[in-house]
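Let me begin by presenting the structure, written as structure tokens, before commenting on it.
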Amino acid sequence: MRHGSYHPEAEDASFNWQTLRTLLPYLLEYRGRIMLALGCLVAAKVASVGLPFILKHIVDAMDTGENTVLALPLGLLLAYGSVRFANVLFGEIRDTLFGRVTERAMRRIGLAVFNHLHRLELGFHLNRSTGGLSRDIERGVSGVSFLLRFMVFNIVPTLFEIALVVGVLLVNYSMWFALTTLVAVVLYVAWSVLATDWRTGYVRAANQADSQSNSRAVDSLLNFETVKYFTNERFEADRYDQDLAQWEQARRKNRLTLFALNGGQALIIALAMTVMMVLAGRNVVAGTMTLGDFVLINAFMMQLFMPLNFLGFVYREMKGSMANVERMFDLLRRTPAIKDAPDAPALAISRGEIEFREVSFGYGPDRPILDRVSFSVRPRQKVAVVGASGAGKSTLVKLLFRFYEVDAGAVLIDGQDIRTVSQDSLRRAIGIVPQDTVLFNASIYDNIRYGRIDAGEEEVQQAIRLAHLDDFIARLPDGHNTLVGERGLKLSGGEKQRVAIARTILKRPPILVFDEATSSLDSRSEQSILQAIREVSRGQTSLVIAHRLSTVVDADHILVMDQGRIVEQGSHHELLAAHGRYARLWQLQQQQREQEQKT
């Protein structure tokens, strides 16, 4: 496929340890903090393993029944409290130190994904699902936090503590204690891994259903007016409920498998604890172990299985987090279809001449759009492109902005092939008033200033005046601070077009493009916008894409396109005199206009 799409429900990210290595560069910014955190981790684990020994001596000292030794248990009790506090304190210091590392890594990765998405080609964004994509990024960034915290500071330390406890039991007590502990740990880990792998598919299905339902909801709300126009609220609700039903079913299976996993883990822990207590109890009765040893064994098992139980939770969540992170990194690994050449220079504008030279293009092998199109727009000339819908007019604009690469031929500005210059400099040199002006959910002032974000207030006000927006803004209660709503829905089509014109005026580009800027306006609004366009484009190179021929009668040169080819060209009067396709289209539109005026 020529232009890729993004469908999160089609992906199946697996448990990939390569992802952990991908995270390493984001951790290296705080090497010192990581070393300090590791030091605190070791100190906390040493204190944790020492606690049962202090508890053993306390019990043995109190079990003698002699009042003369009451001072000794008091000292041990104070030591026990101090060591327990040290264990918690070192853990908190560790988490505080590493928290900065995690938060900075999340910030860096989130910014990297955001920047990369803006580098991806238009084809990707036309096929993506906004709701699903945003949810995948959100889950991916959260997954990074989980992996960094729990993989580094819970799984590895827990395994270290298990090895330490098994060694202590083997050296100080019978090998059966160490063997029982080791077998229980191996069974617990094996069951956790097998059961988690079994239920990962259900977790992923729940995530996919969640993304799909979220995408459906966002898409429906973004098209709120269309839903209302066709009274399809029930239809939208039914579709959303179907997605929620799939999510409900996936969550139910997820919950049942979680029950099986937790039940198996609890059984292994209960059997191991019972065997250890039986062994310790028999040795106490036989006199080979003290009551303090019995308490020590019990404390070790409780202390060991608490993090081990948490280890099962961590592993389960890590599977899901790894899949989410992997999906996010898949986005980062996606290569943009449109890339700058190595060391690409900036576009040098001297005259502002545009040339399409034998350009052919299609959105795929089965969808050709342009066929060897050649024309030029001379400096300070206004050239209009007209034709029926689907003739390829707007595609010319996309190619000029290099949203797509041409299949053959070249697009040149002042003799420079736009494929050889940087995309940033190319797009800075072109201003556009699009057919569908989409505004940010901010104030009118902020939307206009978006054309050049470093512009001063006087420059913005001048752009407002030149776009004939000042009278409209003066009538608003909040003036230019009025919020336009999501995608500018609070403004009419003509008002949005004026904002687009003001934004382009503020940008001050040497080349102007108007892509059917008045196609959706009434005649009165159209004339007002046309007057603003004439004032803005006077003395500048302008390319105008138009459907209504009445809007381009003053163009220096008019190109007539049909099925991806230029079939006629000339001035308005020359094309009328030729009695060709343009003349027939003009006559048809004039008749339609007369009928509209009569009604």
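Here, A, B, ... name the chains of the structure tokens in the order displayed, residue numbers run from 1 inside each chain, and ligands are numbered from 1 in the same displayed order.
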Who sits within 12 Å of A:Gly263, only C-alpha atoms, same chain under 2 positions skipped, as a ChimeraX atom specification: /A:188,191-192,195,256-261,265-270,309,312
DSSP helix (DSSP H, G or I) residues within stretch 403-453 of chain A, listed as a list in words: Ile418, Arg419, Thr420, Gln423, Asp424, Ser425, Leu426, Arg427, Arg428, Ile444, Tyr445, Asp446, Asn447, Ile448 and Arg449 of chain A
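With only C-alpha atoms as the atoms that count, the minimum distance from A:Glu92 to the choices A:Gly352, A:Ala37, A:Asn283, A:Gly493 is reached by A:Ala37.
Pairwise distance (atom CA of A:Leu370, atom CA of A:Glu516) equals 18.5 Å.
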